[in-house]
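S.K.: Sharing a structure, written as structure tokens. Questions coming.
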There are 2 protein chains.
Amino acid sequence: MELRNTPPRTSLSEYVLAVLREKIATGELAPGQHLREMELAAGLDVSRGPVRDALALLESEGQVEIKRHRGAFVSVLTQVDVEEVHTFRAAIESLAAERAATRMTPAHFAELDRVLDAMKETSGSVAPQEAVRLDLAFHDVLYDAADHQRLSRAWISIRSQVFFFLHTRNVNFPDFPTVGYPEHHDLRMALAKGDPAVARAAAEEHLSGAYTRLRQLELPTESDRPR
Amino acid sequence: MELRNTPPRTSLSEYVLAVLREKIATGELAPGQHLREMELAAGLDVSRGPVRDALALLESEGQVEIKRHRGAFVSVLTQVDVEEVHTFRAAIESLAAERAATRMTPAHFAELDRVLDAMKETSGSVAPQEAVRLDLAFHDVLYDAADHQRLSRAWISIRSQVFFFLHTRNVNFPDFPTVGYPEHHDLRMALAKGDPAVARAAAEEHLSGAYTRLRQLELPTESDRPR
DNA sequence: ATCCGATCGATTGCAGACAATCGACATCGC
DNA sequence: GCGATGTCGATTGTCTGCAATCGATCGGAT
């Protein structure tokens, strides 16, 4: 029962949402775990209201499953989910790349290059978390440049799951830092051409590579899903 | 303060959500209108809680905009939104068609044909609402056959807006009933071929036609958006 | 007359209490 | 022994009250 050091410039719901997203993405809240509203509320020193709001949003993103009168459970992600997330992401990110190709501003390119430099420097030795953060930061810029609210929303809705998959993979196969830079660099150069078709193709290529690596993961099968 | 005739077999939140979706889609709640929690709660004879839940979800779908301490406002859809919804829908529905091509069951085809028959029969004279309902019902089957949770969620998140656009257009240009049947019939035949590439192409063709018709709509411009 | 600031009302954000519902366990009947 | 059934505890669904915050309005100064 201590004061939060961050005076809520933002609503408590968003605060709770951010914390839960983080804890689920890093696995601190394990898949299948039962999330009790009162426990969470007590732990974060808020009431159940904001916690409920956050959980409801997480459910709409598929991060948790809410069963009536039973509570929220962290979604158990299976090989099927890897495939779903990948195909879905390919669909929306192709479009994002297409649009970004003709909408990228100098500021966007500067930000991309900043991220790329960081990838290059940390190549070889970097905490998995940080590598994933850079990866996602790159794609965040892409969606921002696409200037498409619904696309951005869709990206946000799978972003944490992409984080989870990449993170899990990097922990098990720490080769990402070496392949991360060149692949993203290629995509950046394609975007610079300003041709939607070229950008789309590059995005599809990039995601295809990422998916190939992700398939190495050993995840629960569909039958392990809690009923 | 009278009893609801529907005993809540489902949670009140979902009940409120369904009602609000309907009222927004049909325009009973006008774009830009200020939605006060207490008013809605009183009107639906529930407390503010479920109303809050429903509004939060609608915001995540872009149906309403929530401003801190000011309340929820029905989103003002502009020409930009027509374009966003169209491009987004094209992205996800192409994927849905691709997947459905190899996953359609006899039951799915039967359902499609049922909808198509209804379209054929009502051709020429039918209430705009009903025409749109059939249109969406057709695509609902498509997403169901695609068997992809995240795709379905994405579809649901823009479904009401598609409804709104189609409905508005049909009221102004009542030619849909005549073009609706053949276009959907084409798509159905393409799906029957069982080839993902063919199905994707047909879906893109279909959506392209729909977008062309939608562009005739006169909608508010971006500058009319409430600040 | 216009611009700026303080006050006020309206509305939401959050908290806590009560009631409905679900699953688990024990008990009963076969 | 096994299955069905009733009861109970735990947890969420819903409701109401209070306080924080925002925008509007009014008043004053320039």
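How things are named: the first chain in the structure tokens is A, the next is B, and so on; residues count from 1 in each chain; ligands count from 1 in the order shown.
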Report as a JSON list (two decimals) with C-alpha atoms (C1' of nucleotides), in the first residue's frame all protein, DNA and RNA residues lying within 9 Å of stretch 22-26 of chain C, evaluated on only C-alpha atoms (C1' of nucleotides), omitting residues in the same chain fewer than 6 positions from it.
M.R.:
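Full text of selection_25.json as output:
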```
[["chain", "number", "residue", "atom", "x", "y", "z"],
["A", 68, "ARG", "CA", -18.15, -15.64, -17.21],
["A", 69, "HIS", "CA", -18.01, -15.74, -13.45],
["A", 70, "ARG", "CA", -14.77, -17.63, -13.64],
["D", 7, "DT", "C1'", -24.96, -27.21, -0.89],
["D", 8, "DC", "C1'", -21.15, -24.11, -0.21],
["D", 9, "DG", "C1'", -17.25, -21.08, -1.09],
["D", 11, "DT", "C1'", -15.11, -15.00, -7.88]]
```
S.K.: Could you tell me, as an MDAnalysis selection string, which residues of stretch 19-76 of chain B DSSP assigns to helix (DSSP H, G or I) when given the backbone?
M.R.: chainID B and resid 19:25 37:44 48:60
S.K.: Go through stretch 3-198 of chain B and collect every residue that DSSP, computed from the backbone, puts in strand (DSSP E or B); the answer should be as an MDAnalysis selection string.
M.R.: chainID B and resid 34:35 64:67 71:74
S.K.: Find the residues of chain C in contact range of chain A, meaning any atom within 10 Å when counting only C-alpha atoms (C1' of nucleotides), and list them as a CSV table (one decimal) with all heavy atoms, in the first residue's frame.
M.R.:
```
chain,number,residue,atom,x,y,z
C,13,DG,P,-14.0,8.4,-18.0
C,13,DG,OP1,-12.9,8.5,-19.0
C,13,DG,OP2,-14.9,7.3,-18.1
C,13,DG,O5',-13.4,8.5,-16.6
C,13,DG,C5',-12.1,9.1,-16.4
C,13,DG,C4',-11.6,8.9,-15.0
C,13,DG,O4',-12.6,9.2,-14.0
C,13,DG,C3',-11.2,7.4,-14.7
C,13,DG,O3',-10.0,7.3,-14.0
C,13,DG,C2',-12.4,6.9,-13.9
C,13,DG,C1',-12.9,8.1,-13.2
C,13,DG,N9,-14.3,8.2,-12.9
C,13,DG,C8,-15.3,8.0,-13.8
C,13,DG,N7,-16.5,8.1,-13.2
C,13,DG,C5,-16.2,8.3,-11.9
C,13,DG,C6,-17.1,8.5,-10.8
C,13,DG,O6,-18.4,8.5,-10.8
C,13,DG,N1,-16.4,8.7,-9.6
C,13,DG,C2,-15.1,8.8,-9.5
C,13,DG,N2,-14.6,9.0,-8.3
C,13,DG,N3,-14.2,8.6,-10.5
C,13,DG,C4,-14.9,8.4,-11.7
C,14,DC,P,-9.3,5.9,-13.7
C,14,DC,OP1,-7.9,6.2,-13.6
C,14,DC,OP2,-9.9,4.9,-14.6
C,14,DC,O5',-9.9,5.6,-12.2
C,14,DC,C5',-9.6,6.5,-11.2
C,14,DC,C4',-10.3,6.2,-9.9
C,14,DC,O4',-11.7,6.3,-10.2
C,14,DC,C3',-10.2,4.7,-9.4
C,14,DC,O3',-9.4,4.7,-8.2
C,14,DC,C2',-11.6,4.2,-9.3
C,14,DC,C1',-12.4,5.4,-9.3
C,14,DC,N1,-13.8,5.2,-9.9
C,14,DC,C2,-14.9,5.5,-9.0
C,14,DC,O2,-14.7,5.9,-7.9
C,14,DC,N3,-16.1,5.4,-9.5
C,14,DC,C4,-16.3,5.0,-10.8
C,14,DC,N4,-17.6,4.8,-11.2
C,14,DC,C5,-15.2,4.7,-11.7
C,14,DC,C6,-14.0,4.8,-11.1
C,15,DA,P,-9.1,3.4,-7.5
C,15,DA,OP1,-7.8,3.6,-6.8
C,15,DA,OP2,-9.2,2.3,-8.5
C,15,DA,O5',-10.2,3.2,-6.5
C,15,DA,C5',-10.4,4.2,-5.5
C,15,DA,C4',-11.6,3.9,-4.6
C,15,DA,O4',-12.8,4.0,-5.4
C,15,DA,C3',-11.6,2.5,-4.0
C,15,DA,O3',-11.7,2.6,-2.6
C,15,DA,C2',-12.8,1.8,-4.6
C,15,DA,C1',-13.7,3.0,-5.1
C,15,DA,N9,-14.5,2.7,-6.3
C,15,DA,C8,-14.0,2.3,-7.5
C,15,DA,N7,-14.9,2.1,-8.4
C,15,DA,C5,-16.1,2.3,-7.7
C,15,DA,C6,-17.5,2.3,-8.1
C,15,DA,N6,-17.8,1.9,-9.3
C,15,DA,N1,-18.4,2.6,-7.2
C,15,DA,C2,-18.0,2.9,-5.9
C,15,DA,N3,-16.8,3.0,-5.4
C,15,DA,C4,-15.9,2.7,-6.4
C,16,DG,P,-11.3,1.4,-1.7
C,16,DG,OP1,-10.7,1.9,-0.5
C,16,DG,OP2,-10.6,0.4,-2.6
C,16,DG,O5',-12.8,0.8,-1.3
C,16,DG,C5',-13.7,1.6,-0.7
C,16,DG,C4',-15.1,1.1,-0.7
C,16,DG,O4',-15.5,1.0,-2.1
C,16,DG,C3',-15.3,-0.3,-0.2
C,16,DG,O3',-16.4,-0.3,0.7
C,16,DG,C2',-15.6,-1.2,-1.4
C,16,DG,C1',-16.2,-0.2,-2.3
C,16,DG,N9,-16.2,-0.5,-3.7
C,16,DG,C8,-15.1,-0.8,-4.5
C,16,DG,N7,-15.4,-1.0,-5.8
C,16,DG,C5,-16.8,-0.8,-5.8
C,16,DG,C6,-17.7,-1.0,-6.9
C,16,DG,O6,-17.4,-1.3,-8.1
C,16,DG,N1,-19.0,-0.7,-6.6
C,16,DG,C2,-19.4,-0.4,-5.3
C,16,DG,N2,-20.7,-0.2,-5.1
C,16,DG,N3,-18.6,-0.3,-4.3
C,16,DG,C4,-17.3,-0.5,-4.6
C,20,DA,P,-29.6,-11.7,-6.5
C,20,DA,OP1,-31.0,-11.3,-6.9
C,20,DA,OP2,-29.4,-12.6,-5.3
C,20,DA,O5',-28.9,-12.4,-7.7
C,20,DA,C5',-28.5,-11.5,-8.8
C,20,DA,C4',-27.5,-12.2,-9.7
C,20,DA,O4',-26.2,-12.3,-9.1
C,20,DA,C3',-27.9,-13.7,-10.1
C,20,DA,O3',-27.6,-13.9,-11.4
C,20,DA,C2',-27.0,-14.5,-9.1
C,20,DA,C1',-25.7,-13.6,-9.0
C,20,DA,N9,-25.0,-13.7,-7.8
C,20,DA,C8,-25.5,-13.7,-6.5
C,20,DA,N7,-24.6,-13.8,-5.6
C,20,DA,C5,-23.4,-13.9,-6.3
C,20,DA,C6,-22.1,-14.1,-5.8
C,20,DA,N6,-21.7,-14.1,-4.5
C,20,DA,N1,-21.1,-14.2,-6.8
C,20,DA,C2,-21.5,-14.1,-8.1
C,20,DA,N3,-22.7,-13.9,-8.6
C,20,DA,C4,-23.6,-13.9,-7.6
C,21,DT,P,-28.1,-15.2,-12.1
C,21,DT,OP1,-28.5,-14.9,-13.5
C,21,DT,OP2,-29.0,-15.9,-11.2
C,21,DT,O5',-26.8,-16.1,-12.3
C,21,DT,C5',-25.6,-15.6,-12.9
C,21,DT,C4',-24.4,-16.4,-12.7
C,21,DT,O4',-24.0,-16.2,-11.3
C,21,DT,C3',-24.6,-17.9,-12.9
C,21,DT,O3',-23.8,-18.3,-13.9
C,21,DT,C2',-24.2,-18.5,-11.5
C,21,DT,C1',-23.4,-17.4,-10.9
C,21,DT,N1,-23.4,-17.4,-9.4
C,21,DT,C2,-22.2,-17.4,-8.7
C,21,DT,O2,-21.1,-17.5,-9.3
C,21,DT,N3,-22.3,-17.4,-7.3
C,21,DT,C4,-23.4,-17.4,-6.6
C,21,DT,O4,-23.4,-17.4,-5.4
C,21,DT,C5,-24.7,-17.4,-7.3
C,21,DT,C7,-25.9,-17.3,-6.6
C,21,DT,C6,-24.6,-17.4,-8.7
C,22,DC,P,-23.9,-19.7,-14.6
C,22,DC,OP1,-24.0,-19.4,-16.1
C,22,DC,OP2,-25.0,-20.4,-14.0
C,22,DC,O5',-22.5,-20.4,-14.3
C,22,DC,C5',-21.3,-19.7,-14.5
C,22,DC,C4',-20.2,-20.3,-13.6
C,22,DC,O4',-20.5,-20.0,-12.3
C,22,DC,C3',-20.1,-21.8,-13.7
C,22,DC,O3',-18.9,-22.2,-14.3
C,22,DC,C2',-20.3,-22.3,-12.3
C,22,DC,C1',-20.1,-21.0,-11.5
C,22,DC,N1,-21.0,-21.0,-10.3
C,22,DC,C2,-20.4,-20.9,-9.0
C,22,DC,O2,-19.2,-20.8,-8.9
C,22,DC,N3,-21.3,-20.9,-7.9
C,22,DC,C4,-22.6,-21.0,-8.1
C,22,DC,N4,-23.3,-20.9,-7.0
C,22,DC,C5,-23.2,-21.1,-9.3
C,22,DC,C6,-22.3,-21.1,-10.4
C,23,DG,P,-18.7,-23.7,-14.7
C,23,DG,OP1,-17.9,-23.8,-15.9
C,23,DG,OP2,-20.0,-24.4,-14.7
C,23,DG,O5',-17.8,-24.3,-13.5
C,23,DG,C5',-16.6,-23.7,-13.2
C,23,DG,C4',-16.0,-24.2,-11.9
C,23,DG,O4',-16.9,-23.9,-10.8
C,23,DG,C3',-15.8,-25.7,-11.9
C,23,DG,O3',-14.5,-25.9,-11.2
C,23,DG,C2',-17.0,-26.2,-11.0
C,23,DG,C1',-17.2,-25.0,-10.1
C,23,DG,N9,-18.6,-24.9,-9.7
C,23,DG,C8,-19.8,-24.9,-10.5
C,23,DG,N7,-20.9,-24.8,-9.8
C,23,DG,C5,-20.5,-24.6,-8.5
C,23,DG,C6,-21.2,-24.4,-7.3
C,23,DG,O6,-22.5,-24.3,-7.2
C,23,DG,N1,-20.4,-24.3,-6.2
C,23,DG,C2,-19.1,-24.4,-6.2
C,23,DG,N2,-18.4,-24.3,-5.0
C,23,DG,N3,-18.3,-24.6,-7.3
C,23,DG,C4,-19.1,-24.7,-8.4
```
S.K.: Give me the residues near A:Leu187 as a list in words, where near means some atom within 10 Å (using only C-alpha atoms (C1' of nucleotides)) and where sequence neighbours in that chain fewer than 6 positions away do not count.
M.R.: Ala97, Val198, Ala199, Arg200, Ala201, Ala202, Ala203, Glu204, Glu205 and His206 of chain A
S.K.: Using only C-alpha atoms, which chain A residues lie at most 12 Å away from chain B, written as a ChimeraX atom specification?
M.R.: /A:9-14,49-63,67-69,80-96,98-99,146-158,161
S.K.: Write out as JSON lines the residues of chain D that have any atom within 10 Å of an atom of chain B, one row each with the nearest atom pair and its distance in Å to one decimal, counting only C-alpha atoms (C1' of nucleotides), sorted by chain and then rising number.
M.R.:
```
{"residue": "D:DG13", "atom": "C1'", "partner": "B:Ser11", "partner_atom": "CA", "distance": 7.8}
{"residue": "D:DT14", "atom": "C1'", "partner": "B:Gly49", "partner_atom": "CA", "distance": 7.0}
{"residue": "D:DC15", "atom": "C1'", "partner": "B:Ser47", "partner_atom": "CA", "distance": 6.3}
{"residue": "D:DT16", "atom": "C1'", "partner": "B:Ser47", "partner_atom": "CA", "distance": 8.8}
{"residue": "D:DA20", "atom": "C1'", "partner": "B:His69", "partner_atom": "CA", "distance": 9.1}
{"residue": "D:DT21", "atom": "C1'", "partner": "B:His69", "partner_atom": "CA", "distance": 6.2}
{"residue": "D:DC22", "atom": "C1'", "partner": "B:His69", "partner_atom": "CA", "distance": 6.0}
{"residue": "D:DG23", "atom": "C1'", "partner": "B:Arg70", "partner_atom": "CA", "distance": 8.5}
```
S.K.: Could you tell me which of D:DC2, D:DA19, D:DA10, D:DA24 comes closest to C:DT12 if we count only C-alpha atoms (C1' of nucleotides)?
M.R.: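 Using only C-alpha atoms (C1' of nucleotides), the shortest distance to C:DT12 belongs to D:DA19.
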S.K.: From the options D:DG6, D:DT12, D:DA29, D:DC18, which residue's atoms come nearest to C:DA19, counting only C-alpha atoms (C1' of nucleotides)?
M.R.: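 That would be D:DT12, the residue with the smallest distance to C:DA19.
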